[in-house]
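Content type mmCIF, C-alpha atoms and all ligand atoms, from the file my_file18.cif:
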data_model
#
loop_
_atom_site.group_PDB
_atom_site.id
_atom_site.type_symbol
_atom_site.label_atom_id
_atom_site.label_comp_id
_atom_site.auth_asym_id
_atom_site.auth_seq_id
_atom_site.Cartn_x
_atom_site.Cartn_y
_atom_site.Cartn_z
ATOM 1 C CA MET Z 81 -19.667 17.779 16.392
ATOM 2 C CA GLU Z 82 -19.481 15.866 13.109
ATOM 3 C CA SER Z 83 -15.980 14.835 12.067
ATOM 4 C CA THR Z 84 -14.541 16.594 9.024
ATOM 5 C CA ARG Z 85 -11.618 14.196 8.680
ATOM 6 C CA ASN Z 86 -11.197 12.015 5.597
ATOM 7 C CA LEU Z 87 -12.619 8.537 6.003
ATOM 8 C CA ALA Z 88 -11.093 5.214 4.960
ATOM 9 C CA LEU Z 89 -13.002 1.935 4.765
ATOM 10 C CA VAL Z 90 -10.946 -1.236 5.203
ATOM 11 C CA THR Z 91 -12.511 -4.668 4.738
ATOM 12 C CA GLY Z 92 -11.065 -7.648 6.578
ATOM 13 C CA ALA Z 93 -9.757 -5.429 9.371
ATOM 14 C CA SER Z 94 -10.283 -7.903 12.213
ATOM 15 C CA SER Z 95 -6.784 -9.352 11.696
ATOM 16 C CA GLY Z 96 -3.620 -9.314 9.588
ATOM 17 C CA ILE Z 97 -3.065 -6.769 6.827
ATOM 18 C CA GLY Z 98 -6.449 -5.077 7.278
ATOM 19 C CA GLU Z 99 -5.920 -4.586 11.003
ATOM 20 C CA ALA Z 100 -2.392 -3.222 10.462
ATOM 21 C CA LEU Z 101 -3.650 -0.882 7.756
ATOM 22 C CA ALA Z 102 -6.571 0.376 9.866
ATOM 23 C CA GLU Z 103 -4.097 1.117 12.643
ATOM 24 C CA ARG Z 104 -1.698 2.897 10.288
ATOM 25 C CA LEU Z 105 -4.480 5.016 8.748
ATOM 26 C CA ALA Z 106 -5.865 5.975 12.165
ATOM 27 C CA LYS Z 107 -2.389 6.966 13.353
ATOM 28 C CA ASP Z 108 -2.040 9.063 10.188
ATOM 29 C CA GLY Z 109 -5.174 10.985 11.241
ATOM 30 C CA ARG Z 110 -7.928 9.450 9.153
ATOM 31 C CA ASP Z 111 -11.268 8.287 10.507
ATOM 32 C CA VAL Z 112 -11.651 4.603 9.722
ATOM 33 C CA LEU Z 113 -14.610 2.319 9.073
ATOM 34 C CA ILE Z 114 -13.625 -1.302 9.556
ATOM 35 C CA VAL Z 115 -15.543 -4.291 8.209
ATOM 36 C CA ALA Z 116 -15.372 -8.043 8.914
ATOM 37 C CA ARG Z 117 -17.453 -10.818 10.468
ATOM 38 C CA ARG Z 118 -15.945 -11.055 13.978
ATOM 39 C CA ARG Z 119 -17.718 -8.375 16.009
ATOM 40 C CA GLU Z 120 -15.566 -8.713 19.169
ATOM 41 C CA ARG Z 121 -12.359 -8.176 17.180
ATOM 42 C CA LEU Z 122 -13.747 -5.131 15.394
ATOM 43 C CA GLU Z 123 -15.161 -3.647 18.579
ATOM 44 C CA ALA Z 124 -11.864 -4.118 20.453
ATOM 45 C CA LEU Z 125 -9.826 -2.617 17.595
ATOM 46 C CA ALA Z 126 -12.173 0.353 17.218
ATOM 47 C CA THR Z 127 -12.062 1.059 20.961
ATOM 48 C CA ARG Z 128 -8.263 0.765 21.128
ATOM 49 C CA LEU Z 129 -7.566 2.888 18.035
ATOM 50 C CA GLN Z 130 -9.980 5.620 19.110
ATOM 51 C CA ALA Z 131 -8.331 5.796 22.531
ATOM 52 C CA GLU Z 132 -4.805 5.786 21.081
ATOM 53 C CA THR Z 133 -5.281 8.157 18.147
ATOM 54 C CA GLY Z 134 -8.345 10.324 18.849
ATOM 55 C CA VAL Z 135 -9.854 9.670 15.398
ATOM 56 C CA GLU Z 136 -13.281 8.065 14.924
ATOM 57 C CA VAL Z 137 -13.188 4.341 14.270
ATOM 58 C CA ASP Z 138 -16.527 2.776 13.464
ATOM 59 C CA PHE Z 139 -17.221 -0.832 12.482
ATOM 60 C CA LEU Z 140 -19.647 -2.835 10.397
ATOM 61 C CA VAL Z 141 -20.157 -6.535 11.009
ATOM 62 C CA ALA Z 142 -20.750 -8.128 7.630
ATOM 63 C CA ASP Z 143 -20.074 -11.343 5.776
ATOM 64 C CA LEU Z 144 -19.083 -9.952 2.388
ATOM 65 C CA THR Z 145 -19.868 -13.250 0.653
ATOM 66 C CA ASP Z 146 -23.537 -12.784 1.589
ATOM 67 C CA PRO Z 147 -25.293 -10.666 -1.060
ATOM 68 C CA GLU Z 148 -27.608 -8.933 1.453
ATOM 69 C CA GLN Z 149 -24.813 -8.069 3.858
ATOM 70 C CA LEU Z 150 -22.674 -6.887 0.957
ATOM 71 C CA LEU Z 151 -25.499 -4.615 -0.149
ATOM 72 C CA PHE Z 152 -25.687 -3.185 3.371
ATOM 73 C CA VAL Z 153 -21.985 -2.192 3.125
ATOM 74 C CA GLU Z 154 -22.492 -0.810 -0.404
ATOM 75 C CA ASP Z 155 -25.343 1.385 0.880
ATOM 76 C CA ARG Z 156 -23.222 2.677 3.737
ATOM 77 C CA ILE Z 157 -20.386 3.510 1.308
ATOM 78 C CA ALA Z 158 -22.718 5.429 -0.964
ATOM 79 C CA GLN Z 159 -23.794 7.590 2.010
ATOM 80 C CA GLU Z 160 -20.270 8.443 3.192
ATOM 81 C CA SER Z 161 -19.386 11.776 1.610
ATOM 82 C CA ARG Z 162 -16.025 11.852 3.446
ATOM 83 C CA LEU Z 163 -14.873 8.497 2.039
ATOM 84 C CA ASP Z 164 -11.571 9.008 0.251
ATOM 85 C CA LEU Z 165 -10.070 5.528 0.544
ATOM 86 C CA LEU Z 166 -11.611 2.096 0.040
ATOM 87 C CA VAL Z 167 -9.413 -0.917 0.696
ATOM 88 C CA ASN Z 168 -10.757 -4.257 -0.502
ATOM 89 C CA ASN Z 169 -8.676 -6.554 1.652
ATOM 90 C CA ALA Z 170 -10.960 -9.242 3.132
ATOM 91 C CA GLY Z 171 -10.102 -12.711 1.922
ATOM 92 C CA PHE Z 172 -9.194 -16.309 2.635
ATOM 93 C CA ALA Z 173 -7.126 -18.984 0.900
ATOM 94 C CA GLY Z 174 -9.435 -21.976 0.305
ATOM 95 C CA TYR Z 175 -6.516 -23.868 -1.245
ATOM 96 C CA GLY Z 176 -6.958 -27.343 -2.649
ATOM 97 C CA PRO Z 177 -6.944 -29.212 -5.974
ATOM 98 C CA PHE Z 178 -9.703 -27.567 -7.997
ATOM 99 C CA ALA Z 179 -11.512 -30.808 -8.905
ATOM 100 C CA GLU Z 180 -11.755 -31.642 -5.213
ATOM 101 C CA ILE Z 181 -12.659 -28.376 -3.504
ATOM 102 C CA GLU Z 182 -16.220 -27.930 -2.298
ATOM 103 C CA PRO Z 183 -18.156 -26.003 -4.953
ATOM 104 C CA SER Z 184 -19.386 -23.731 -2.155
ATOM 105 C CA VAL Z 185 -15.765 -22.865 -1.284
ATOM 106 C CA ALA Z 186 -15.076 -21.922 -4.916
ATOM 107 C CA ASP Z 187 -18.207 -19.737 -4.788
ATOM 108 C CA ARG Z 188 -17.070 -18.033 -1.587
ATOM 109 C CA LEU Z 189 -13.597 -17.462 -3.024
ATOM 110 C CA THR Z 190 -14.978 -15.661 -6.051
ATOM 111 C CA ALA Z 191 -17.506 -13.820 -3.870
ATOM 112 C CA ILE Z 192 -14.879 -12.423 -1.501
ATOM 113 C CA HIS Z 193 -12.015 -11.830 -3.963
ATOM 114 C CA ILE Z 194 -13.999 -10.707 -7.030
ATOM 115 C CA VAL Z 195 -17.666 -9.848 -6.393
ATOM 116 C CA ALA Z 196 -17.217 -7.908 -3.145
ATOM 117 C CA PRO Z 197 -14.300 -5.724 -4.392
ATOM 118 C CA LEU Z 198 -16.254 -4.966 -7.595
ATOM 119 C CA ARG Z 199 -19.474 -4.052 -5.804
ATOM 120 C CA LEU Z 200 -17.762 -1.946 -3.124
ATOM 121 C CA ALA Z 201 -15.637 -0.112 -5.704
ATOM 122 C CA ARG Z 202 -18.751 0.478 -7.807
ATOM 123 C CA ALA Z 203 -20.485 1.947 -4.750
ATOM 124 C CA ALA Z 204 -17.537 4.171 -3.809
ATOM 125 C CA LEU Z 205 -16.381 5.536 -7.139
ATOM 126 C CA PRO Z 206 -19.256 7.821 -8.197
ATOM 127 C CA GLY Z 207 -18.849 9.898 -5.007
ATOM 128 C CA MET Z 208 -15.063 9.949 -5.267
ATOM 129 C CA ILE Z 209 -15.208 10.988 -8.916
ATOM 130 C CA ALA Z 210 -17.738 13.746 -8.104
ATOM 131 C CA ARG Z 211 -15.386 15.016 -5.372
ATOM 132 C CA ALA Z 212 -12.349 14.510 -7.701
ATOM 133 C CA ARG Z 213 -10.538 12.859 -4.814
ATOM 134 C CA GLY Z 214 -9.974 9.382 -3.438
ATOM 135 C CA ALA Z 215 -8.512 5.950 -4.043
ATOM 136 C CA VAL Z 216 -9.584 2.337 -4.334
ATOM 137 C CA VAL Z 217 -6.987 -0.214 -3.264
ATOM 138 C CA ASN Z 218 -7.461 -3.890 -4.008
ATOM 139 C CA ILE Z 219 -5.326 -6.412 -2.158
ATOM 140 C CA ALA Z 220 -4.385 -9.127 -4.622
ATOM 141 C CA SER Z 221 -1.253 -11.280 -4.239
ATOM 142 C CA LEU Z 222 2.028 -12.064 -5.989
ATOM 143 C CA LEU Z 223 0.172 -15.248 -6.993
ATOM 144 C CA ALA Z 224 -1.699 -13.052 -9.499
ATOM 145 C CA LEU Z 225 1.481 -13.410 -11.590
ATOM 146 C CA SER Z 226 1.765 -17.171 -11.081
ATOM 147 C CA GLY Z 227 -0.421 -18.439 -13.951
ATOM 148 C CA PRO Z 228 2.371 -19.656 -16.283
ATOM 149 C CA LEU Z 229 4.630 -20.882 -13.472
ATOM 150 C CA ARG Z 230 5.122 -24.294 -11.925
ATOM 151 C CA LEU Z 231 5.286 -23.425 -8.267
ATOM 152 C CA PRO Z 232 5.800 -26.109 -5.661
ATOM 153 C CA MET Z 233 2.420 -25.090 -4.259
ATOM 154 C CA ALA Z 234 -0.496 -26.824 -5.939
ATOM 155 C CA GLY Z 235 -4.151 -26.079 -5.421
ATOM 156 C CA ARG Z 236 -4.302 -22.350 -5.900
ATOM 157 C CA ALA Z 237 -6.132 -22.120 -9.253
ATOM 158 C CA THR Z 238 -9.268 -20.415 -7.921
ATOM 159 C CA TYR Z 239 -7.452 -18.161 -5.439
ATOM 160 C CA ALA Z 240 -4.699 -17.071 -7.849
ATOM 161 C CA GLY Z 241 -7.187 -16.771 -10.724
ATOM 162 C CA ALA Z 242 -9.318 -14.436 -8.607
ATOM 163 C CA LYS Z 243 -6.257 -12.415 -7.633
ATOM 164 C CA SER Z 244 -5.233 -12.043 -11.299
ATOM 165 C CA PHE Z 245 -8.738 -10.800 -12.011
ATOM 166 C CA LEU Z 246 -8.089 -8.095 -9.407
ATOM 167 C CA LEU Z 247 -4.741 -7.235 -11.030
ATOM 168 C CA THR Z 248 -6.141 -6.760 -14.548
ATOM 169 C CA PHE Z 249 -9.323 -5.118 -13.274
ATOM 170 C CA THR Z 250 -7.412 -2.559 -11.230
ATOM 171 C CA GLN Z 251 -4.918 -1.778 -14.005
ATOM 172 C CA LEU Z 252 -7.731 -1.068 -16.457
ATOM 173 C CA LEU Z 253 -9.743 0.825 -13.844
ATOM 174 C CA ALA Z 254 -6.711 3.038 -13.192
ATOM 175 C CA THR Z 255 -6.624 3.839 -16.915
ATOM 176 C CA GLU Z 256 -10.330 4.710 -16.868
ATOM 177 C CA LEU Z 257 -9.783 6.981 -13.879
ATOM 178 C CA GLU Z 258 -6.891 8.946 -15.367
ATOM 179 C CA GLY Z 259 -7.518 12.674 -14.966
ATOM 180 C CA SER Z 260 -10.401 12.154 -12.504
ATOM 181 C CA GLY Z 261 -8.369 12.817 -9.360
ATOM 182 C CA VAL Z 262 -9.179 9.292 -8.183
ATOM 183 C CA GLN Z 263 -6.568 6.531 -7.972
ATOM 184 C CA ALA Z 264 -6.832 2.776 -8.320
ATOM 185 C CA MET Z 265 -4.020 0.653 -6.942
ATOM 186 C CA VAL Z 266 -3.581 -3.090 -6.611
ATOM 187 C CA CYS Z 267 -1.249 -4.488 -3.985
ATOM 188 C CA LEU Z 268 0.622 -7.769 -4.526
ATOM 189 C CA PRO Z 269 1.944 -8.988 -1.187
ATOM 190 C CA GLY Z 270 4.099 -12.106 -0.982
ATOM 191 C CA MET Z 271 4.007 -14.194 2.180
ATOM 192 C CA VAL Z 272 2.648 -12.159 5.075
ATOM 193 C CA GLU Z 273 2.388 -12.964 8.770
ATOM 194 C CA SER Z 274 -1.338 -13.067 9.540
ATOM 195 C CA GLU Z 275 -4.132 -15.525 10.218
ATOM 196 C CA PHE Z 276 -4.323 -16.300 6.491
ATOM 197 C CA HIS Z 277 -2.038 -19.355 6.810
ATOM 198 C CA GLY Z 278 -3.866 -20.525 9.924
ATOM 199 C CA ILE Z 279 -3.776 -18.931 13.347
ATOM 200 C CA GLY Z 280 -0.277 -19.430 14.749
ATOM 201 C CA GLY Z 281 1.521 -19.755 11.412
ATOM 202 C CA GLY Z 282 -0.187 -22.931 10.107
ATOM 203 C CA THR Z 283 1.439 -24.576 7.107
ATOM 204 C CA PHE Z 284 4.168 -21.955 6.873
ATOM 205 C CA ALA Z 285 5.372 -22.115 10.478
ATOM 206 C CA ASP Z 286 8.999 -22.561 9.266
ATOM 207 C CA VAL Z 287 8.975 -19.904 6.527
ATOM 208 C CA ARG Z 288 9.942 -16.271 7.160
ATOM 209 C CA LEU Z 289 6.998 -14.004 6.437
ATOM 210 C CA MET Z 290 6.868 -10.240 6.009
ATOM 211 C CA THR Z 291 4.924 -8.219 8.550
ATOM 212 C CA ALA Z 292 1.427 -6.897 7.944
ATOM 213 C CA GLU Z 293 2.703 -3.493 9.152
ATOM 214 C CA ASP Z 294 5.200 -3.404 6.263
ATOM 215 C CA VAL Z 295 2.392 -4.159 3.783
ATOM 216 C CA ALA Z 296 0.402 -1.276 5.299
ATOM 217 C CA GLN Z 297 3.439 0.986 4.941
ATOM 218 C CA ALA Z 298 3.869 -0.032 1.267
ATOM 219 C CA ILE Z 299 0.187 0.722 0.576
ATOM 220 C CA VAL Z 300 0.365 4.203 2.117
ATOM 221 C CA VAL Z 301 3.613 5.093 0.307
ATOM 222 C CA GLY Z 302 2.553 3.359 -2.930
ATOM 223 C CA LEU Z 303 -0.498 5.660 -3.061
ATOM 224 C CA GLU Z 304 1.719 8.691 -2.461
ATOM 225 C CA LEU Z 305 3.988 7.535 -5.303
ATOM 226 C CA GLY Z 306 0.958 7.176 -7.578
ATOM 227 C CA GLU Z 307 1.655 3.484 -8.206
ATOM 228 C CA THR Z 308 -0.965 1.351 -9.926
ATOM 229 C CA VAL Z 309 0.759 -1.882 -8.953
ATOM 230 C CA CYS Z 310 2.283 -1.938 -5.484
ATOM 231 C CA ALA Z 311 4.552 -4.913 -4.824
ATOM 232 C CA PRO Z 312 5.791 -4.454 -1.253
ATOM 233 C CA THR Z 313 8.813 -6.772 -1.516
ATOM 234 C CA LEU Z 314 9.856 -6.123 -5.143
ATOM 235 C CA GLU Z 315 13.000 -4.005 -5.103
ATOM 236 C CA ASP Z 316 13.252 -3.531 -8.895
ATOM 237 C CA ALA Z 317 9.890 -1.983 -9.802
ATOM 238 C CA THR Z 318 11.039 -1.629 -13.454
ATOM 239 C CA LEU Z 319 10.278 -5.368 -13.832
ATOM 240 C CA PHE Z 320 6.595 -4.389 -14.089
ATOM 241 C CA GLU Z 321 7.470 -2.004 -16.935
ATOM 242 C CA ARG Z 322 9.227 -4.885 -18.733
ATOM 243 C CA LEU Z 323 6.225 -7.120 -18.139
ATOM 244 C CA ARG Z 324 3.987 -4.411 -19.589
ATOM 245 C CA GLU Z 325 6.228 -4.172 -22.669
ATOM 246 C CA LEU Z 326 6.059 -7.959 -23.215
ATOM 247 C CA GLN Z 327 2.266 -7.969 -22.832
ATOM 248 C CA GLN Z 328 2.071 -5.059 -25.296
ATOM 249 C CA ALA Z 329 4.358 -6.953 -27.736
ATOM 250 C CA ALA Z 330 2.204 -10.115 -27.531
ATOM 251 C CA LEU Z 331 -1.031 -8.150 -28.022
ATOM 252 C CA THR Z 332 0.414 -6.121 -30.897
ATOM 253 C CA ALA Z 333 1.829 -9.228 -32.629
ATOM 254 C CA ALA Z 334 -1.539 -11.010 -32.308
ATOM 255 C CA ARG Z 335 -3.530 -8.068 -33.631
ATOM 256 C CA SER Z 336 -4.383 -9.767 -36.922
ATOM 257 C CA THR Z 337 -7.296 -11.508 -38.588
ATOM 258 C CA GLU Z 338 -4.996 -14.167 -40.081
ATOM 259 C CA LEU Z 339 -4.991 -17.591 -38.405
ATOM 260 C CA ALA Z 340 -1.532 -18.293 -36.993
ATOM 261 C CA GLY Z 341 0.559 -20.801 -39.029
ATOM 262 C CA ARG Z 342 0.680 -23.547 -36.400
ATOM 263 C CA TYR Z 343 -3.121 -23.900 -36.485
ATOM 264 C CA LYS Z 344 -3.234 -24.420 -40.272
ATOM 265 C CA ARG Z 345 -3.421 -28.163 -40.873
HETATM 266 N N1 LIG M 401 -1.032 -13.511 4.294
HETATM 267 C C1 LIG M 401 -0.507 -13.653 3.089
HETATM 268 O O1 LIG M 401 0.540 -14.329 2.918
HETATM 269 C C2 LIG M 401 -1.138 -12.958 1.915
HETATM 270 C C3 LIG M 401 -0.392 -12.859 0.740
HETATM 271 C C4 LIG M 401 -0.936 -12.215 -0.355
HETATM 272 C C5 LIG M 401 -2.212 -11.690 -0.280
HETATM 273 N N2 LIG M 401 -2.934 -11.811 0.867
HETATM 274 C C6 LIG M 401 -4.287 -11.234 0.884
HETATM 275 O O2 LIG M 401 -4.348 -10.266 1.905
HETATM 276 C C7 LIG M 401 -5.693 -10.105 2.325
HETATM 277 C C8 LIG M 401 -5.741 -10.083 3.847
HETATM 278 O O3 LIG M 401 -5.315 -11.342 4.332
HETATM 279 P P1 LIG M 401 -4.442 -11.515 5.649
HETATM 280 O O4 LIG M 401 -3.156 -12.118 5.258
HETATM 281 O O5 LIG M 401 -4.428 -10.286 6.436
HETATM 282 O O6 LIG M 401 -5.299 -12.685 6.353
HETATM 283 P P2 LIG M 401 -6.175 -12.740 7.681
HETATM 284 O O7 LIG M 401 -5.364 -12.346 8.863
HETATM 285 O O8 LIG M 401 -6.789 -14.094 7.675
HETATM 286 O O9 LIG M 401 -7.299 -11.632 7.451
HETATM 287 C C9 LIG M 401 -8.384 -11.825 6.585
HETATM 288 C C10 LIG M 401 -9.462 -10.831 6.935
HETATM 289 O O10 LIG M 401 -10.548 -11.003 6.011
HETATM 290 C C11 LIG M 401 -11.753 -11.092 6.766
HETATM 291 N N3 LIG M 401 -12.713 -11.913 6.059
HETATM 292 C C12 LIG M 401 -12.552 -13.175 5.596
HETATM 293 N N4 LIG M 401 -13.682 -13.624 5.048
HETATM 294 C C13 LIG M 401 -14.599 -12.616 5.163
HETATM 295 C C14 LIG M 401 -15.961 -12.482 4.806
HETATM 296 N N5 LIG M 401 -16.642 -13.488 4.231
HETATM 297 N N6 LIG M 401 -16.579 -11.314 5.040
HETATM 298 C C15 LIG M 401 -15.918 -10.300 5.649
HETATM 299 N N7 LIG M 401 -14.626 -10.369 6.022
HETATM 300 C C16 LIG M 401 -13.989 -11.525 5.790
HETATM 301 C C17 LIG M 401 -11.336 -11.707 8.103
HETATM 302 O O11 LIG M 401 -12.218 -11.312 9.136
HETATM 303 P P3 LIG M 401 -13.405 -12.186 9.783
HETATM 304 O O12 LIG M 401 -12.927 -13.601 9.867
HETATM 305 O O13 LIG M 401 -13.612 -11.523 11.104
HETATM 306 O O14 LIG M 401 -14.551 -11.998 8.859
HETATM 307 C C18 LIG M 401 -10.004 -11.012 8.333
HETATM 308 O O15 LIG M 401 -10.194 -9.748 8.916
HETATM 309 C C19 LIG M 401 -6.485 -11.255 1.683
HETATM 310 O O16 LIG M 401 -7.217 -10.766 0.585
HETATM 311 C C20 LIG M 401 -5.405 -12.213 1.203
HETATM 312 O O17 LIG M 401 -5.823 -12.939 0.084
HETATM 313 C C21 LIG M 401 -2.432 -12.420 1.981
#
Will you turn the file into structure tokens for me?
Ligand SMILES: NC(=O)c1ccc[n+]([C@@H]2O[C@H](COP(=O)([O-])OP(=O)(O)OC[C@H]3O[C@@H](n4cnc5c(N)ncnc54)[C@H](OP(=O)(O)O)[C@@H]3O)[C@@H](O)[C@H]2O)c1
Amino acid sequence: MESTRNLALVTGASSGIGEALAERLAKDGRDVLIVARRRERLEALATRLQAETGVEVDFLVADLTDPEQLLFVEDRIAQESRLDLLVNNAGFAGYGPFAEIEPSVADRLTAIHIVAPLRLARAALPGMIARARGAVVNIASLLALSGPLRLPMAGRATYAGAKSFLLTFTQLLATELEGSGVQAMVCLPGMVESEFHGIGGGTFADVRLMTAEDVAQAIVVGLELGETVCAPTLEDATLFERLRELQQAALTAARSTELAGRYKR
């Protein structure tokens, strides 16, 4: 018999946040479609979650930086009439001084953090809007807010720039979706225990990291709360309201056709 349960698709579910989220969603009673490149990991997770929870867990092996494989996932999404949650989570760091990183790494960073989330959301939304139900969640990072800051961590221009794209994109998408019954939420994790920093902790072996399970919990509850920006470790969520007010003030003050005084020479 065909399943009638709601279906969630999670990219990058072969480890870390994606794996924890797939597990949480399955335990909550959703069927889950997991996507990543490492077949053995996906197969093992699907088998374990099905046995433990009784829901259907299917997997797609795909490199989301490869246009053809991305298209294959887009096509599958468009066919899934039960899809009510898409989580764009797959990603990697690729840190390094911008002038020195391999151009192909910069390409892959934008492909995984920008192009893939856009294409998969574009594939999922028409069906969700027609059904007046569903959500798209994009996993960005607290580094999306880091543009004006001098952090002790150099070499994140491409990664953080891509994550701020996801922040602005999701905020404006949420506005477009108002009244449609479909949500858009962006999640800004801080430092999370996963394979992201290198298997076994890597560069951040001495730093305390939050758990991927807590990020999954914040995503599930953030959606219930109707949040557009979910910051799992930010206690005072009104800070985002203050940020919004400052951005509004800057945009309003600059809404002029007159060249600003400091440029008149
Ligand atoms: N860990 C942190 O401190 C942190 C903080 C803020 C935001 N984030 C974001 O959280 C998300 C998840 O990262 P994580 O911390 O859970 O790291 P992770 O354990 O390394 O997981 C990354 C996942 O993305 C998948 N992936 C990577 N490249 C892919 C590709 N080309 N095609 C398909 N799947 C791909 C990996 O699977 P395969 O290798 O099997 O393909 C893996 O399942 C990322 O977007 C990351 O930027 C992480």
**Message:** 6 Å from ligand LIG 401 (chain M) is the threshold here; counting all atoms listed in the file, which polymer residues fall inside it? Answer as a list of chain:residue names.
**Reply:** Z:Gly92, Z:Ala93, Z:Ser94, Z:Ser95, Z:Gly96, Z:Ile97, Z:Gly98, Z:Ala116, Z:Arg117, Z:Arg118, Z:Ala142, Z:Asp143, Z:Leu144, Z:Thr145, Z:Asn169, Z:Ala170, Z:Gly171, Z:Phe172, Z:Ile219, Z:Ala220, Z:Ser221, Z:Pro269, Z:Gly270, Z:Met271, Z:Val272, Z:Glu273, Z:Ser274, Z:Glu275, Z:Phe276
Any chance you can output those residues with C-alpha atoms as a tab-separated table (two decimals), in the frame of the given file?
chain	number	residue	atom	x	y	z
Z	92	GLY	CA	-11.06	-7.65	6.58
Z	93	ALA	CA	-9.76	-5.43	9.37
Z	94	SER	CA	-10.28	-7.90	12.21
Z	95	SER	CA	-6.78	-9.35	11.70
Z	96	GLY	CA	-3.62	-9.31	9.59
Z	97	ILE	CA	-3.06	-6.77	6.83
Z	98	GLY	CA	-6.45	-5.08	7.28
Z	116	ALA	CA	-15.37	-8.04	8.91
Z	117	ARG	CA	-17.45	-10.82	10.47
Z	118	ARG	CA	-15.94	-11.06	13.98
Z	142	ALA	CA	-20.75	-8.13	7.63
Z	143	ASP	CA	-20.07	-11.34	5.78
Z	144	LEU	CA	-19.08	-9.95	2.39
Z	145	THR	CA	-19.87	-13.25	0.65
Z	169	ASN	CA	-8.68	-6.55	1.65
Z	170	ALA	CA	-10.96	-9.24	3.13
Z	171	GLY	CA	-10.10	-12.71	1.92
Z	172	PHE	CA	-9.19	-16.31	2.64
Z	219	ILE	CA	-5.33	-6.41	-2.16
Z	220	ALA	CA	-4.38	-9.13	-4.62
Z	221	SER	CA	-1.25	-11.28	-4.24
Z	269	PRO	CA	1.94	-8.99	-1.19
Z	270	GLY	CA	4.10	-12.11	-0.98
Z	271	MET	CA	4.01	-14.19	2.18
Z	272	VAL	CA	2.65	-12.16	5.08
Z	273	GLU	CA	2.39	-12.96	8.77
Z	274	SER	CA	-1.34	-13.07	9.54
Z	275	GLU	CA	-4.13	-15.52	10.22
Z	276	PHE	CA	-4.32	-16.30	6.49
**Prompt:** Expanded to explicit residues, what is the PyMOL selection byres (((chain Z and resi 146) around 12) and not hetatm) for this file, as an NGL selection string?
**Reply:** :Z and (116-117 or 141-145 or 147-153 or 187-192 or 195-196)
**Request:** Tell me which protein, DNA and RNA residues are within 12 Å of Glu82 in chain Z, counting only C-alpha atoms, leaving out same-chain ones fewer than 2 positions away, and put them as a ChimeraX atom specification.
**Result:** /Z:84-86,111,135-136,162
**Message:** Between CA of Ala334 in chain Z and CA of Arg230 in chain Z, what is the distance in Å, rounded to a tenth?
**Reply:** 25.2 Å
**Request:** Could you state which residues are captured by the PyMOL selection byres (((chain Z and resi 106) around 10) and not hetatm) in this file, as a list in words?
**Result:**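 Expected selection for the PyMOL selection byres (((chain Z and resi 106) around 10) and not hetatm) here is Leu87, Ala88, Ala100, Leu101, Ala102, Glu103, Arg104, Leu105, Lys107, Asp108, Gly109, Arg110, Asp111, Val112, Leu113, Ala126, Leu129, Gln130, Glu132, Thr133, Gly134, Val135, Glu136 and Val137 of chain Z.
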**Message:** Translate the PyMOL selection byres (((chain Z and resi 310-322) around 10) and not hetatm) into a concrete residue list for this structure, as a PyMOL selection string.
**Reply:** chain Z and resi 217+219-222+265-271+290+294-303+305-309+323-328
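Take CA of Leu331 in chain Z and CA of Thr255 in chain Z: the distance between them is 17.3 Å.
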**Request:** Rank nothing, just name the residue among Z:Ala292, Z:Gly176, Z:Leu247, Z:Leu205 nearest to Met233 in chain Z, using only C-alpha atoms.
**Result:** Z:Gly176
**Prompt:** In Å, with one decimal, what is the gap from CA of Ile114 in chain Z to CA of Leu163 in chain Z?
**Reply:**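 Separation of CA of Ile114 in chain Z and CA of Leu163 in chain Z: 12.4 Å.
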Export C-alpha atoms of range 218-232 of chain Z from the structure just given, as a PDB file, in the first residue's frame?
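Wrote it out as result03.pdb, contents follow:
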ATOM      1  CA  ASN Z 218      17.550  26.653   4.033  1.00  0.00           C
ATOM      2  CA  ILE Z 219      20.497  25.979   6.313  1.00  0.00           C
ATOM      3  CA  ALA Z 220      22.688  29.066   6.279  1.00  0.00           C
ATOM      4  CA  SER Z 221      25.019  29.986   9.162  1.00  0.00           C
ATOM      5  CA  LEU Z 222      25.581  32.703  11.758  1.00  0.00           C
ATOM      6  CA  LEU Z 223      28.397  33.715   9.385  1.00  0.00           C
ATOM      7  CA  ALA Z 224      25.646  35.141   7.150  1.00  0.00           C
ATOM      8  CA  LEU Z 225      25.715  38.072   9.603  1.00  0.00           C
ATOM      9  CA  SER Z 226      29.509  38.368   9.625  1.00  0.00           C
ATOM     10  CA  GLY Z 227      30.053  40.689   6.634  1.00  0.00           C
ATOM     11  CA  PRO Z 228      30.894  43.896   8.563  1.00  0.00           C
ATOM     12  CA  LEU Z 229      32.779  42.113  11.352  1.00  0.00           C
ATOM     13  CA  ARG Z 230      36.456  41.426  11.885  1.00  0.00           C
ATOM     14  CA  LEU Z 231      36.369  37.867  13.107  1.00  0.00           C
ATOM     15  CA  PRO Z 232      39.554  36.055  14.019  1.00  0.00           C
TER      16      PRO Z 232
END
